[in-house]
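Trainee: Here it is, the structure, as structure tokens.
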Amino acid sequence: VQLQASGGGLVQAGGSLRLSCAASGSIFGINDMGWYRQAPGKQRELVAEVTSGGSTNYVDSVKGRFIIIRDNAKTTAYLQMNSLKPEDTAVYYCNVKWSIGDLNFDYWGQGTLVTVSS
């Protein structure tokens, strides 16, 4: 599975950005898709995820501000980030959980930098 992430950039506090993550390759085994982030000096954390069934999960700090959606083909996930705060500044990584039978893999996209200025 190959993941192509895009959409990062520089935005002022209160602004919005949308991240995209497009999966290709062995997409038939894709289950959950999500976004993680890692700020300087901090551990990588889950931001939001969406299951193959459409259920979503968010870290508390982004609830009510971020929305994760998945296209009908279930191969692209979008993270709509609204009301951005300087503390949202991080490198954001797309993640896909893939499984077929007893095989389970985590795939990661290249990071995309989100910088929120105060």
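Following the order of the structure tokens, chains are lettered A, B, ..., residues in each are numbered from 1, and ligands are numbered from 1.
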List the neighbours of Gly14 (chain A) out to 9 Å using only C-alpha atoms; skip same-chain residues closer than 3 positions along the sequence, and give me the result as number ranges by chain.
Mentor: A: 11, 82-85, 116, 118
Trainee: Keeping only N, CA, C and O atoms, write the selected residues as a PDB file, in the first residue's frame.
Mentor:
```pdb
ATOM      1  N   VAL A  11      -0.738  28.526   8.308  1.00  0.00           N
ATOM      2  CA  VAL A  11      -2.032  29.190   8.443  1.00  0.00           C
ATOM      3  C   VAL A  11      -2.037  29.964   9.757  1.00  0.00           C
ATOM      4  O   VAL A  11      -1.343  29.589  10.709  1.00  0.00           O
ATOM      5  N   ASN A  82     -10.397  22.863  11.377  1.00  0.00           N
ATOM      6  CA  ASN A  82     -10.941  24.204  11.542  1.00  0.00           C
ATOM      7  C   ASN A  82     -10.504  24.792  12.876  1.00  0.00           C
ATOM      8  O   ASN A  82     -10.069  24.063  13.773  1.00  0.00           O
ATOM      9  N   SER A  83     -10.639  26.088  12.982  1.00  0.00           N
ATOM     10  CA  SER A  83     -10.288  26.783  14.234  1.00  0.00           C
ATOM     11  C   SER A  83      -8.916  26.347  14.739  1.00  0.00           C
ATOM     12  O   SER A  83      -8.736  26.023  15.924  1.00  0.00           O
ATOM     13  N   LEU A  84      -7.963  26.359  13.848  1.00  0.00           N
ATOM     14  CA  LEU A  84      -6.627  25.875  14.192  1.00  0.00           C
ATOM     15  C   LEU A  84      -5.967  26.735  15.253  1.00  0.00           C
ATOM     16  O   LEU A  84      -6.191  27.970  15.302  1.00  0.00           O
ATOM     17  N   LYS A  85      -5.197  26.076  16.082  1.00  0.00           N
ATOM     18  CA  LYS A  85      -4.491  26.726  17.183  1.00  0.00           C
ATOM     19  C   LYS A  85      -2.990  26.512  17.014  1.00  0.00           C
ATOM     20  O   LYS A  85      -2.579  25.518  16.408  1.00  0.00           O
ATOM     21  N   VAL A 116       0.806  26.561  12.516  1.00  0.00           N
ATOM     22  CA  VAL A 116      -0.241  27.528  12.852  1.00  0.00           C
ATOM     23  C   VAL A 116       0.414  28.682  13.603  1.00  0.00           C
ATOM     24  O   VAL A 116       0.971  28.489  14.686  1.00  0.00           O
ATOM     25  N   SER A 118       0.479  32.333  15.581  1.00  0.00           N
ATOM     26  CA  SER A 118      -0.401  33.044  16.532  1.00  0.00           C
ATOM     27  C   SER A 118      -0.603  34.485  16.124  1.00  0.00           C
ATOM     28  O   SER A 118       0.047  35.010  15.245  1.00  0.00           O
TER      29      SER A 118
END
```
Trainee: Please report, as an MDAnalysis selection string, each residue of region 38-70 of chain A to which DSSP assigns strand (DSSP E or B) when run on this structure's backbone.
Mentor: chainID A and resid 38 45:50 56:58 66:70
Trainee: Which residue out of A:Cys21, A:Ile30, A:Val1, A:Ala73 has the minimum interatomic distance to Trp98 (chain A) when only C-alpha atoms are used?
Mentor: A:Ile30
Trainee: Quick one: residues within 8 Å of region 101-109 of chain A, only C-alpha atoms, excluding same-chain residues fewer than 3 positions away - as a list in words?
Mentor: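 Listed by chain and then number, they are Val1, Gln2, Leu3, Gln4, Ala5, Cys21, Tyr93, Cys94, Asn95, Val96, Lys97 and Trp98 of chain A.
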Trainee: Give me the residues within 12 Å of Leu19 (chain A) as a ChimeraX atom specification, counting only C-alpha atoms and dropping any in the same chain fewer than 4 places off.
Mentor: /A:4-9,34-37,48,66-70,76-82,91-94,109,111-114
Trainee: So which one's closest to Arg44 (chain A), A:Ala90, A:Gly25, A:Ile100, A:Leu17? Using only C-alpha atoms, please.
Mentor: A:Ala90
Trainee: Measure the distance from CA of Lys63 (chain A) to CA of Ser117 (chain A) in Å and round it to one decimal.
Mentor: 20.3 Å
Trainee: Nearest to Ala23 (chain A) among A:Ser61, A:Thr75, A:Thr89, A:Ser99, with distances taken over only C-alpha atoms: which residue is it?
Mentor: A:Thr75
